[in-house]
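Source file: upload29.txt; contents: compact mmCIF, N, CA, C and O atoms.
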# COMPACT_ATOMS: atom_id res chain seq x y z
N MET A 1498 15.98 8.40 -7.05
CA MET A 1498 15.05 9.25 -6.33
C MET A 1498 13.86 8.43 -5.86
O MET A 1498 13.28 7.66 -6.62
N ILE A 1499 13.50 8.58 -4.63
CA ILE A 1499 12.38 7.82 -4.06
C ILE A 1499 11.06 8.50 -4.46
O ILE A 1499 10.90 9.70 -4.24
N PRO A 1500 10.13 7.74 -5.06
CA PRO A 1500 8.86 8.35 -5.44
C PRO A 1500 8.04 8.75 -4.21
O PRO A 1500 7.97 8.01 -3.23
N ARG A 1501 7.44 9.92 -4.28
CA ARG A 1501 6.62 10.41 -3.17
C ARG A 1501 5.14 10.27 -3.52
O ARG A 1501 4.72 10.58 -4.63
N ILE A 1502 4.39 9.81 -2.54
CA ILE A 1502 2.96 9.56 -2.71
C ILE A 1502 2.19 10.87 -2.58
O ILE A 1502 2.35 11.60 -1.60
N LYS A 1503 1.36 11.14 -3.58
CA LYS A 1503 0.53 12.35 -3.58
C LYS A 1503 -0.86 12.05 -3.04
O LYS A 1503 -1.44 12.86 -2.32
N ALA A 1504 -1.42 10.87 -3.41
CA ALA A 1504 -2.78 10.53 -2.99
C ALA A 1504 -2.91 9.02 -2.82
O ALA A 1504 -2.28 8.24 -3.53
N LEU A 1505 -3.74 8.63 -1.86
CA LEU A 1505 -4.02 7.23 -1.57
C LEU A 1505 -5.51 7.03 -1.46
O LEU A 1505 -6.19 7.79 -0.76
N SER A 1506 -6.01 6.00 -2.14
CA SER A 1506 -7.41 5.59 -1.99
C SER A 1506 -7.42 4.12 -1.64
O SER A 1506 -6.70 3.32 -2.26
N ILE A 1507 -8.21 3.77 -0.65
CA ILE A 1507 -8.32 2.39 -0.20
C ILE A 1507 -9.56 1.81 -0.88
O ILE A 1507 -10.67 2.30 -0.67
N LEU A 1508 -9.35 0.77 -1.67
CA LEU A 1508 -10.43 0.16 -2.43
C LEU A 1508 -10.81 -1.19 -1.83
O LEU A 1508 -10.16 -1.68 -0.91
N GLU A 1509 -11.84 -1.79 -2.39
CA GLU A 1509 -12.28 -3.10 -1.93
C GLU A 1509 -11.28 -4.18 -2.33
O GLU A 1509 -10.46 -3.98 -3.23
N ASP A 1510 -11.39 -5.32 -1.68
CA ASP A 1510 -10.61 -6.51 -2.02
C ASP A 1510 -9.11 -6.30 -1.89
O ASP A 1510 -8.32 -6.80 -2.70
N TYR A 1511 -8.70 -5.52 -0.89
CA TYR A 1511 -7.28 -5.33 -0.55
C TYR A 1511 -6.47 -4.68 -1.67
O TYR A 1511 -5.33 -5.06 -1.94
N VAL A 1512 -7.07 -3.69 -2.31
CA VAL A 1512 -6.40 -2.96 -3.38
C VAL A 1512 -6.23 -1.50 -2.96
O VAL A 1512 -7.14 -0.90 -2.39
N LEU A 1513 -5.07 -0.93 -3.28
CA LEU A 1513 -4.79 0.47 -3.03
C LEU A 1513 -4.63 1.18 -4.37
O LEU A 1513 -3.97 0.67 -5.27
N ALA A 1514 -5.23 2.34 -4.50
CA ALA A 1514 -5.01 3.21 -5.66
C ALA A 1514 -4.06 4.31 -5.18
O ALA A 1514 -4.35 5.01 -4.22
N VAL A 1515 -2.93 4.42 -5.85
CA VAL A 1515 -1.89 5.34 -5.41
C VAL A 1515 -1.48 6.26 -6.56
O VAL A 1515 -1.23 5.81 -7.67
N GLU A 1516 -1.42 7.55 -6.25
CA GLU A 1516 -0.92 8.54 -7.22
C GLU A 1516 0.35 9.15 -6.64
O GLU A 1516 0.42 9.47 -5.46
N PHE A 1517 1.35 9.31 -7.51
CA PHE A 1517 2.63 9.86 -7.11
C PHE A 1517 2.77 11.30 -7.59
O PHE A 1517 2.03 11.75 -8.45
N ASP A 1518 3.74 12.00 -7.03
CA ASP A 1518 3.98 13.41 -7.38
C ASP A 1518 4.20 13.63 -8.87
O ASP A 1518 3.87 14.68 -9.40
N ASP A 1519 4.77 12.65 -9.56
CA ASP A 1519 5.04 12.80 -10.99
C ASP A 1519 3.82 12.50 -11.86
O ASP A 1519 3.92 12.49 -13.08
N GLY A 1520 2.66 12.23 -11.23
CA GLY A 1520 1.44 11.95 -11.96
C GLY A 1520 1.21 10.49 -12.26
O GLY A 1520 0.13 10.11 -12.74
N TYR A 1521 2.18 9.64 -11.98
CA TYR A 1521 2.06 8.20 -12.20
C TYR A 1521 1.00 7.65 -11.24
O TYR A 1521 1.02 7.96 -10.04
N LYS A 1522 0.07 6.83 -11.77
CA LYS A 1522 -1.00 6.25 -10.96
C LYS A 1522 -0.99 4.74 -11.11
O LYS A 1522 -0.90 4.23 -12.24
N VAL A 1523 -1.09 4.05 -9.99
CA VAL A 1523 -1.11 2.59 -10.01
C VAL A 1523 -2.18 2.04 -9.07
O VAL A 1523 -2.63 2.72 -8.15
N MET A 1524 -2.55 0.79 -9.35
CA MET A 1524 -3.38 0.01 -8.45
C MET A 1524 -2.44 -1.05 -7.87
O MET A 1524 -1.77 -1.76 -8.63
N TYR A 1525 -2.37 -1.12 -6.55
CA TYR A 1525 -1.48 -2.08 -5.91
C TYR A 1525 -2.34 -3.08 -5.14
O TYR A 1525 -3.08 -2.71 -4.23
N ASP A 1526 -2.23 -4.36 -5.53
CA ASP A 1526 -2.99 -5.43 -4.91
C ASP A 1526 -2.18 -5.99 -3.74
O ASP A 1526 -1.12 -6.57 -3.93
N VAL A 1527 -2.69 -5.82 -2.55
CA VAL A 1527 -1.98 -6.24 -1.33
C VAL A 1527 -2.18 -7.74 -1.05
O VAL A 1527 -1.49 -8.31 -0.22
N LYS A 1528 -3.09 -8.40 -1.76
CA LYS A 1528 -3.37 -9.83 -1.50
C LYS A 1528 -2.13 -10.71 -1.63
O LYS A 1528 -1.96 -11.64 -0.84
N ASP A 1529 -1.26 -10.42 -2.59
CA ASP A 1529 -0.03 -11.21 -2.72
C ASP A 1529 0.86 -11.06 -1.50
O ASP A 1529 1.46 -12.04 -1.04
N ASP A 1530 0.95 -9.85 -0.96
CA ASP A 1530 1.74 -9.63 0.25
C ASP A 1530 1.12 -10.36 1.44
O ASP A 1530 1.82 -10.91 2.28
N ILE A 1531 -0.21 -10.36 1.51
CA ILE A 1531 -0.90 -11.06 2.60
C ILE A 1531 -0.60 -12.55 2.55
O ILE A 1531 -0.39 -13.19 3.59
N LYS A 1532 -0.52 -13.10 1.35
CA LYS A 1532 -0.25 -14.54 1.19
C LYS A 1532 1.19 -14.90 1.51
O LYS A 1532 1.47 -15.99 2.00
N THR A 1533 2.13 -14.01 1.22
CA THR A 1533 3.55 -14.35 1.34
C THR A 1533 4.28 -13.79 2.56
O THR A 1533 5.31 -14.33 2.94
N LEU A 1534 3.77 -12.70 3.14
CA LEU A 1534 4.45 -12.08 4.27
C LEU A 1534 3.63 -12.27 5.55
O LEU A 1534 2.53 -11.75 5.66
N PRO A 1535 4.15 -13.02 6.51
CA PRO A 1535 3.38 -13.33 7.72
C PRO A 1535 2.80 -12.10 8.44
O PRO A 1535 1.67 -12.15 8.91
N THR A 1536 3.54 -11.00 8.51
CA THR A 1536 3.03 -9.83 9.23
C THR A 1536 1.82 -9.22 8.53
O THR A 1536 0.96 -8.63 9.18
N PHE A 1537 1.73 -9.37 7.22
CA PHE A 1537 0.63 -8.79 6.46
C PHE A 1537 -0.69 -9.55 6.65
O PHE A 1537 -1.75 -9.04 6.32
N ARG A 1538 -0.64 -10.75 7.18
CA ARG A 1538 -1.86 -11.54 7.39
C ARG A 1538 -2.85 -10.83 8.31
O ARG A 1538 -4.05 -11.01 8.19
N ALA A 1539 -2.36 -10.01 9.20
CA ALA A 1539 -3.24 -9.27 10.10
C ALA A 1539 -4.20 -8.36 9.32
O ALA A 1539 -5.30 -8.08 9.78
N LEU A 1540 -3.81 -7.93 8.12
CA LEU A 1540 -4.69 -7.08 7.32
C LEU A 1540 -5.97 -7.80 6.94
O LEU A 1540 -7.02 -7.19 6.75
N GLU A 1541 -5.89 -9.11 6.85
CA GLU A 1541 -7.05 -9.94 6.54
C GLU A 1541 -7.75 -10.43 7.81
O GLU A 1541 -8.97 -10.56 7.84
N GLU A 1542 -6.98 -10.66 8.85
CA GLU A 1542 -7.50 -11.27 10.07
C GLU A 1542 -8.11 -10.26 11.05
O GLU A 1542 -9.00 -10.60 11.82
N VAL A 1543 -7.62 -9.04 11.07
CA VAL A 1543 -8.11 -8.02 12.01
C VAL A 1543 -9.12 -7.14 11.29
O VAL A 1543 -8.78 -6.41 10.35
N TYR A 1544 -10.36 -7.22 11.73
CA TYR A 1544 -11.45 -6.50 11.07
C TYR A 1544 -11.16 -5.00 11.00
O TYR A 1544 -10.84 -4.37 12.00
N GLY A 1545 -11.24 -4.45 9.79
CA GLY A 1545 -11.10 -3.01 9.59
C GLY A 1545 -9.67 -2.50 9.51
O GLY A 1545 -9.47 -1.32 9.21
N LEU A 1546 -8.68 -3.34 9.75
CA LEU A 1546 -7.29 -2.86 9.76
C LEU A 1546 -6.87 -2.36 8.37
O LEU A 1546 -6.24 -1.30 8.26
N PHE A 1547 -7.22 -3.07 7.32
CA PHE A 1547 -6.80 -2.65 5.98
C PHE A 1547 -7.28 -1.23 5.67
O PHE A 1547 -6.56 -0.44 5.06
N ASP A 1548 -8.47 -0.90 6.11
CA ASP A 1548 -9.06 0.42 5.84
C ASP A 1548 -8.37 1.55 6.60
O ASP A 1548 -8.68 2.72 6.38
N GLN A 1549 -7.44 1.22 7.47
CA GLN A 1549 -6.73 2.23 8.26
C GLN A 1549 -5.38 2.62 7.65
O GLN A 1549 -4.57 3.28 8.29
N ALA A 1550 -5.16 2.26 6.39
CA ALA A 1550 -3.90 2.60 5.72
C ALA A 1550 -3.68 4.11 5.72
O ALA A 1550 -4.63 4.88 5.54
N GLN A 1551 -2.44 4.52 5.95
CA GLN A 1551 -2.07 5.93 5.98
C GLN A 1551 -0.74 6.14 5.26
O GLN A 1551 0.07 5.22 5.18
N VAL A 1552 -0.54 7.33 4.78
CA VAL A 1552 0.74 7.71 4.18
C VAL A 1552 1.58 8.36 5.28
O VAL A 1552 1.09 9.20 6.03
N ASP A 1553 2.84 7.94 5.38
CA ASP A 1553 3.69 8.52 6.42
C ASP A 1553 4.06 9.97 6.07
O ASP A 1553 3.80 10.44 4.96
N SER A 1554 4.62 10.68 7.02
CA SER A 1554 4.90 12.11 6.86
C SER A 1554 5.91 12.42 5.74
O SER A 1554 5.88 13.49 5.16
N SER A 1555 6.78 11.47 5.43
CA SER A 1555 7.75 11.68 4.35
C SER A 1555 7.15 11.38 2.97
O SER A 1555 7.78 11.66 1.95
N ARG A 1556 5.95 10.82 2.96
CA ARG A 1556 5.22 10.41 1.76
C ARG A 1556 5.96 9.36 0.94
O ARG A 1556 5.81 9.25 -0.26
N THR A 1557 6.76 8.53 1.62
CA THR A 1557 7.50 7.45 0.95
C THR A 1557 7.08 6.07 1.42
O THR A 1557 7.74 5.08 1.12
N CYS A 1558 5.97 6.01 2.14
CA CYS A 1558 5.55 4.74 2.73
C CYS A 1558 4.06 4.79 3.06
O CYS A 1558 3.55 5.82 3.50
N ILE A 1559 3.40 3.65 2.85
CA ILE A 1559 2.03 3.46 3.35
C ILE A 1559 2.14 2.49 4.50
O ILE A 1559 2.83 1.47 4.40
N TYR A 1560 1.48 2.80 5.60
CA TYR A 1560 1.58 1.92 6.76
C TYR A 1560 0.22 1.71 7.41
O TYR A 1560 -0.70 2.49 7.23
N TRP A 1561 0.14 0.61 8.15
CA TRP A 1561 -1.07 0.28 8.91
C TRP A 1561 -0.80 0.30 10.41
O TRP A 1561 -1.65 0.68 11.18
N ASN A 1562 0.37 -0.15 10.80
CA ASN A 1562 0.78 -0.14 12.21
C ASN A 1562 2.30 -0.21 12.26
O ASN A 1562 2.95 -0.07 11.23
N ASP A 1563 2.86 -0.47 13.42
CA ASP A 1563 4.32 -0.50 13.57
C ASP A 1563 4.97 -1.67 12.85
O ASP A 1563 6.19 -1.67 12.66
N GLU A 1564 4.18 -2.67 12.46
CA GLU A 1564 4.74 -3.87 11.85
C GLU A 1564 4.46 -4.00 10.36
O GLU A 1564 5.13 -4.74 9.65
N ILE A 1565 3.45 -3.29 9.86
CA ILE A 1565 3.03 -3.48 8.47
C ILE A 1565 3.17 -2.17 7.70
O ILE A 1565 2.50 -1.19 8.02
N ASP A 1566 4.03 -2.19 6.67
CA ASP A 1566 4.17 -1.01 5.81
C ASP A 1566 4.62 -1.43 4.42
O ASP A 1566 5.12 -2.53 4.20
N LEU A 1567 4.41 -0.53 3.47
CA LEU A 1567 4.81 -0.73 2.08
C LEU A 1567 5.60 0.49 1.63
O LEU A 1567 5.11 1.62 1.73
N ALA A 1568 6.78 0.27 1.11
CA ALA A 1568 7.61 1.37 0.61
C ALA A 1568 7.06 1.88 -0.72
O ALA A 1568 6.59 1.10 -1.55
N SER A 1569 7.13 3.18 -0.91
CA SER A 1569 6.59 3.79 -2.13
C SER A 1569 7.29 3.27 -3.39
O SER A 1569 6.65 3.11 -4.43
N ASP A 1570 8.58 2.98 -3.32
CA ASP A 1570 9.27 2.49 -4.51
C ASP A 1570 8.79 1.11 -4.93
O ASP A 1570 8.71 0.79 -6.12
N SER A 1571 8.39 0.27 -3.97
CA SER A 1571 7.82 -1.04 -4.30
C SER A 1571 6.45 -0.88 -4.96
O SER A 1571 6.14 -1.57 -5.93
N ILE A 1572 5.66 0.02 -4.42
CA ILE A 1572 4.33 0.28 -4.99
C ILE A 1572 4.49 0.82 -6.41
O ILE A 1572 3.79 0.39 -7.34
N TYR A 1573 5.42 1.73 -6.60
CA TYR A 1573 5.69 2.36 -7.90
C TYR A 1573 6.10 1.30 -8.93
O TYR A 1573 5.64 1.28 -10.06
N GLU A 1574 6.98 0.41 -8.50
CA GLU A 1574 7.53 -0.61 -9.42
C GLU A 1574 6.55 -1.75 -9.70
O GLU A 1574 6.44 -2.21 -10.84
N TYR A 1575 5.83 -2.22 -8.68
CA TYR A 1575 5.01 -3.42 -8.84
C TYR A 1575 3.52 -3.16 -9.01
O TYR A 1575 2.76 -4.08 -9.32
N GLY A 1576 3.09 -1.92 -8.83
CA GLY A 1576 1.68 -1.60 -9.04
C GLY A 1576 1.33 -1.65 -10.52
O GLY A 1576 2.19 -1.50 -11.39
N LYS A 1577 0.05 -1.89 -10.80
CA LYS A 1577 -0.43 -1.92 -12.18
C LYS A 1577 -0.94 -0.53 -12.55
O LYS A 1577 -1.72 0.06 -11.82
N VAL A 1578 -0.48 -0.05 -13.68
CA VAL A 1578 -0.87 1.29 -14.15
C VAL A 1578 -2.38 1.38 -14.25
O VAL A 1578 -3.04 0.51 -14.78
N SER A 1579 -2.92 2.47 -13.68
CA SER A 1579 -4.38 2.64 -13.73
C SER A 1579 -4.77 3.78 -14.65
O SER A 1579 -3.99 4.55 -15.08

Rewrite the coordinates I just gave you, this time as structure tokens.
Amino acid sequence: MIPRIKALSILEDYVLAVEFDDGYKVMYDVKDDIKTLPTFRALEEVYGLFDQAQVDSSRTCIYWNDEIDLASDSIYEYGKVS
């Protein structure tokens, strides 16, 4: 079952606070993705882009534009429990 995102908070230093429908809450640090995934570098290079994160209509993805997104199952698995 794909975890569905209930709430998203955009924090400083490229961190996302994410709560899922089952009550599980994590902090997801996007800095590692920025370092390793070329498309994610725009989050650091384009002023204000990181702060534009949104949850898609299916609530299974956080996205910034057509090229940059994070699947909810990755956030669920790799985020640090908050």

Surrounding residues of stretch 1520-1537 of chain A excluding itself and chain neighbours under 3 positions, 7 Å, all atoms listed in the file, as an MDAnalysis selection string: chainID A and resid 1510:1517 1540:1542 1564:1565 1572:1573 1575:1579

Filtered DSSP result for stretch 1509-1577 of chain A, state strand (DSSP E or B), as a list in words: Val1512, Leu1513, Ala1514, Val1515, Glu1516, Phe1517, Lys1522, Val1523, Met1524, Tyr1525, Asp1526, Gln1551, Val1552, Cys1558, Ile1559, Tyr1560, Asp1566, Leu1567, Ala1568 and Lys1577 of chain A

With N, CA, C and O atoms retained, write the just-selected residues as a tab-separated table (two decimals), in the coordinates of the input.
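To be explicit, this is the file written out as part_26.tsv:
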chain	number	residue	atom	x	y	z
A	1512	VAL	N	-7.07	-3.69	-2.31
A	1512	VAL	CA	-6.40	-2.96	-3.38
A	1512	VAL	C	-6.23	-1.50	-2.96
A	1512	VAL	O	-7.14	-0.90	-2.39
A	1513	LEU	N	-5.07	-0.93	-3.28
A	1513	LEU	CA	-4.79	0.47	-3.03
A	1513	LEU	C	-4.63	1.18	-4.37
A	1513	LEU	O	-3.97	0.67	-5.27
A	1514	ALA	N	-5.23	2.34	-4.50
A	1514	ALA	CA	-5.01	3.21	-5.66
A	1514	ALA	C	-4.06	4.31	-5.18
A	1514	ALA	O	-4.35	5.01	-4.22
A	1515	VAL	N	-2.93	4.42	-5.85
A	1515	VAL	CA	-1.89	5.34	-5.41
A	1515	VAL	C	-1.48	6.26	-6.56
A	1515	VAL	O	-1.23	5.81	-7.67
A	1516	GLU	N	-1.42	7.55	-6.25
A	1516	GLU	CA	-0.92	8.54	-7.22
A	1516	GLU	C	0.35	9.15	-6.64
A	1516	GLU	O	0.42	9.47	-5.46
A	1517	PHE	N	1.35	9.31	-7.51
A	1517	PHE	CA	2.63	9.86	-7.11
A	1517	PHE	C	2.77	11.30	-7.59
A	1517	PHE	O	2.03	11.75	-8.45
A	1522	LYS	N	0.07	6.83	-11.77
A	1522	LYS	CA	-1.00	6.25	-10.96
A	1522	LYS	C	-0.99	4.74	-11.11
A	1522	LYS	O	-0.90	4.23	-12.24
A	1523	VAL	N	-1.09	4.05	-9.99
A	1523	VAL	CA	-1.11	2.59	-10.01
A	1523	VAL	C	-2.18	2.04	-9.07
A	1523	VAL	O	-2.63	2.72	-8.15
A	1524	MET	N	-2.55	0.79	-9.35
A	1524	MET	CA	-3.38	0.01	-8.45
A	1524	MET	C	-2.44	-1.05	-7.87
A	1524	MET	O	-1.77	-1.76	-8.63
A	1525	TYR	N	-2.37	-1.12	-6.55
A	1525	TYR	CA	-1.48	-2.08	-5.91
A	1525	TYR	C	-2.34	-3.08	-5.14
A	1525	TYR	O	-3.08	-2.71	-4.23
A	1526	ASP	N	-2.23	-4.36	-5.53
A	1526	ASP	CA	-2.99	-5.43	-4.91
A	1526	ASP	C	-2.18	-5.99	-3.74
A	1526	ASP	O	-1.12	-6.57	-3.93
A	1551	GLN	N	-2.44	4.52	5.95
A	1551	GLN	CA	-2.07	5.93	5.98
A	1551	GLN	C	-0.74	6.14	5.26
A	1551	GLN	O	0.07	5.22	5.18
A	1552	VAL	N	-0.54	7.33	4.78
A	1552	VAL	CA	0.74	7.71	4.18
A	1552	VAL	C	1.58	8.36	5.28
A	1552	VAL	O	1.09	9.20	6.03
A	1558	CYS	N	5.97	6.01	2.14
A	1558	CYS	CA	5.55	4.74	2.73
A	1558	CYS	C	4.06	4.79	3.06
A	1558	CYS	O	3.55	5.82	3.50
A	1559	ILE	N	3.40	3.65	2.85
A	1559	ILE	CA	2.03	3.46	3.35
A	1559	ILE	C	2.14	2.49	4.50
A	1559	ILE	O	2.83	1.47	4.40
A	1560	TYR	N	1.48	2.80	5.60
A	1560	TYR	CA	1.58	1.92	6.76
A	1560	TYR	C	0.22	1.71	7.41
A	1560	TYR	O	-0.70	2.49	7.23
A	1566	ASP	N	4.03	-2.19	6.67
A	1566	ASP	CA	4.17	-1.01	5.81
A	1566	ASP	C	4.62	-1.43	4.42
A	1566	ASP	O	5.12	-2.53	4.20
A	1567	LEU	N	4.41	-0.53	3.47
A	1567	LEU	CA	4.81	-0.73	2.08
A	1567	LEU	C	5.60	0.49	1.63
A	1567	LEU	O	5.11	1.62	1.73
A	1568	ALA	N	6.78	0.27	1.11
A	1568	ALA	CA	7.61	1.37	0.61
A	1568	ALA	C	7.06	1.88	-0.72
A	1568	ALA	O	6.59	1.10	-1.55
A	1577	LYS	N	0.05	-1.89	-10.80
A	1577	LYS	CA	-0.43	-1.92	-12.18
A	1577	LYS	C	-0.94	-0.53	-12.55
A	1577	LYS	O	-1.72	0.06	-11.82

Which residue of A:Ser1569, A:Glu1574, A:Trp1561, A:Ser1554 approaches A:Asp1518 most closely, using only C-alpha atoms: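 Result for the nearest residue to A:Asp1518: A:Ser1569.
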
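Here atom CA of A:Gln1549 is placed at a distance of 27.1 Å from atom CA of A:Met1498.
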
Surrounding residues of A:Asp1519 excluding itself and chain neighbours under 6 positions, 8 Å, all atoms listed in the file, as a PyMOL selection string: chain A and resi 1500-1503

For atom CA of A:Ala1550 and atom CA of A:Asp1566, the interatomic separation in Å (one decimal):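 Between atom CA of A:Ala1550 and atom CA of A:Asp1566 the gap is 8.8 Å.
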
Å distance separating atom CA of A:Asp1548 from atom CA of A:Ile1499, one decimal place: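 Atom CA of A:Asp1548 sits 24.7 Å away from atom CA of A:Ile1499.
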
Could you add all heavy atoms to stretch 1531-1540 of chain A and give me the result as a PDB file, in the coordinates of the input?
ATOM      1  N   ILE A1531      -0.210 -10.360   1.510  1.00  0.00           N
ATOM      2  CA  ILE A1531      -0.900 -11.060   2.600  1.00  0.00           C
ATOM      3  C   ILE A1531      -0.600 -12.550   2.550  1.00  0.00           C
ATOM      4  O   ILE A1531      -0.390 -13.190   3.590  1.00  0.00           O
ATOM      5  CB  ILE A1531      -2.424 -10.791   2.540  1.00  0.00           C
ATOM      6  CG1 ILE A1531      -2.716  -9.322   2.875  1.00  0.00           C
ATOM      7  CG2 ILE A1531      -3.184 -11.726   3.473  1.00  0.00           C
ATOM      8  CD1 ILE A1531      -4.154  -8.889   2.612  1.00  0.00           C
ATOM      9  N   LYS A1532      -0.520 -13.100   1.350  1.00  0.00           N
ATOM     10  CA  LYS A1532      -0.250 -14.540   1.190  1.00  0.00           C
ATOM     11  C   LYS A1532       1.190 -14.900   1.510  1.00  0.00           C
ATOM     12  O   LYS A1532       1.470 -15.990   2.000  1.00  0.00           O
ATOM     13  CB  LYS A1532      -0.549 -14.975  -0.250  1.00  0.00           C
ATOM     14  CG  LYS A1532      -2.005 -14.973  -0.599  1.00  0.00           C
ATOM     15  CD  LYS A1532      -2.191 -15.345  -2.057  1.00  0.00           C
ATOM     16  CE  LYS A1532      -3.623 -15.133  -2.482  1.00  0.00           C
ATOM     17  NZ  LYS A1532      -3.799 -15.340  -3.932  1.00  0.00           N
ATOM     18  N   THR A1533       2.130 -14.010   1.220  1.00  0.00           N
ATOM     19  CA  THR A1533       3.550 -14.350   1.340  1.00  0.00           C
ATOM     20  C   THR A1533       4.280 -13.790   2.560  1.00  0.00           C
ATOM     21  O   THR A1533       5.310 -14.330   2.940  1.00  0.00           O
ATOM     22  CB  THR A1533       4.317 -13.922   0.066  1.00  0.00           C
ATOM     23  OG1 THR A1533       4.162 -12.512  -0.107  1.00  0.00           O
ATOM     24  CG2 THR A1533       3.808 -14.660  -1.157  1.00  0.00           C
ATOM     25  N   LEU A1534       3.770 -12.700   3.140  1.00  0.00           N
ATOM     26  CA  LEU A1534       4.450 -12.080   4.270  1.00  0.00           C
ATOM     27  C   LEU A1534       3.630 -12.270   5.550  1.00  0.00           C
ATOM     28  O   LEU A1534       2.530 -11.750   5.660  1.00  0.00           O
ATOM     29  CB  LEU A1534       4.649 -10.582   4.006  1.00  0.00           C
ATOM     30  CG  LEU A1534       5.445 -10.242   2.751  1.00  0.00           C
ATOM     31  CD1 LEU A1534       5.357  -8.761   2.443  1.00  0.00           C
ATOM     32  CD2 LEU A1534       6.891 -10.678   2.912  1.00  0.00           C
ATOM     33  N   PRO A1535       4.150 -13.020   6.510  1.00  0.00           N
ATOM     34  CA  PRO A1535       3.380 -13.330   7.720  1.00  0.00           C
ATOM     35  C   PRO A1535       2.800 -12.100   8.440  1.00  0.00           C
ATOM     36  O   PRO A1535       1.670 -12.150   8.910  1.00  0.00           O
ATOM     37  CB  PRO A1535       4.380 -14.064   8.611  1.00  0.00           C
ATOM     38  CG  PRO A1535       5.360 -14.657   7.649  1.00  0.00           C
ATOM     39  CD  PRO A1535       5.458 -13.672   6.513  1.00  0.00           C
ATOM     40  N   THR A1536       3.540 -11.000   8.510  1.00  0.00           N
ATOM     41  CA  THR A1536       3.030  -9.830   9.230  1.00  0.00           C
ATOM     42  C   THR A1536       1.820  -9.220   8.530  1.00  0.00           C
ATOM     43  O   THR A1536       0.960  -8.630   9.180  1.00  0.00           O
ATOM     44  CB  THR A1536       4.106  -8.743   9.399  1.00  0.00           C
ATOM     45  OG1 THR A1536       4.625  -8.393   8.124  1.00  0.00           O
ATOM     46  CG2 THR A1536       5.224  -9.226  10.300  1.00  0.00           C
ATOM     47  N   PHE A1537       1.730  -9.370   7.220  1.00  0.00           N
ATOM     48  CA  PHE A1537       0.630  -8.790   6.460  1.00  0.00           C
ATOM     49  C   PHE A1537      -0.690  -9.550   6.650  1.00  0.00           C
ATOM     50  O   PHE A1537      -1.750  -9.040   6.320  1.00  0.00           O
ATOM     51  CB  PHE A1537       0.979  -8.736   4.969  1.00  0.00           C
ATOM     52  CG  PHE A1537       1.760  -7.522   4.578  1.00  0.00           C
ATOM     53  CD1 PHE A1537       3.063  -7.338   5.014  1.00  0.00           C
ATOM     54  CD2 PHE A1537       1.211  -6.548   3.774  1.00  0.00           C
ATOM     55  CE1 PHE A1537       3.794  -6.223   4.659  1.00  0.00           C
ATOM     56  CE2 PHE A1537       1.927  -5.419   3.405  1.00  0.00           C
ATOM     57  CZ  PHE A1537       3.216  -5.255   3.856  1.00  0.00           C
ATOM     58  N   ARG A1538      -0.640 -10.750   7.180  1.00  0.00           N
ATOM     59  CA  ARG A1538      -1.860 -11.540   7.390  1.00  0.00           C
ATOM     60  C   ARG A1538      -2.850 -10.830   8.310  1.00  0.00           C
ATOM     61  O   ARG A1538      -4.050 -11.010   8.190  1.00  0.00           O
ATOM     62  CB  ARG A1538      -1.518 -12.925   7.914  1.00  0.00           C
ATOM     63  CG  ARG A1538      -0.826 -13.748   6.866  1.00  0.00           C
ATOM     64  CD  ARG A1538      -0.667 -15.196   7.227  1.00  0.00           C
ATOM     65  NE  ARG A1538       0.198 -15.798   6.226  1.00  0.00           N
ATOM     66  CZ  ARG A1538       1.278 -16.504   6.503  1.00  0.00           C
ATOM     67  NH1 ARG A1538       1.622 -16.727   7.748  1.00  0.00           N
ATOM     68  NH2 ARG A1538       2.008 -16.997   5.531  1.00  0.00           N
ATOM     69  N   ALA A1539      -2.360 -10.010   9.200  1.00  0.00           N
ATOM     70  CA  ALA A1539      -3.240  -9.270  10.100  1.00  0.00           C
ATOM     71  C   ALA A1539      -4.200  -8.360   9.320  1.00  0.00           C
ATOM     72  O   ALA A1539      -5.300  -8.080   9.780  1.00  0.00           O
ATOM     73  CB  ALA A1539      -2.428  -8.433  11.082  1.00  0.00           C
ATOM     74  N   LEU A1540      -3.810  -7.930   8.120  1.00  0.00           N
ATOM     75  CA  LEU A1540      -4.690  -7.080   7.320  1.00  0.00           C
ATOM     76  C   LEU A1540      -5.970  -7.800   6.940  1.00  0.00           C
ATOM     77  O   LEU A1540      -7.020  -7.190   6.750  1.00  0.00           O
ATOM     78  CB  LEU A1540      -3.975  -6.608   6.043  1.00  0.00           C
ATOM     79  CG  LEU A1540      -2.781  -5.695   6.267  1.00  0.00           C
ATOM     80  CD1 LEU A1540      -2.085  -5.405   4.946  1.00  0.00           C
ATOM     81  CD2 LEU A1540      -3.203  -4.403   6.950  1.00  0.00           C
TER      82      LEU A1540
END
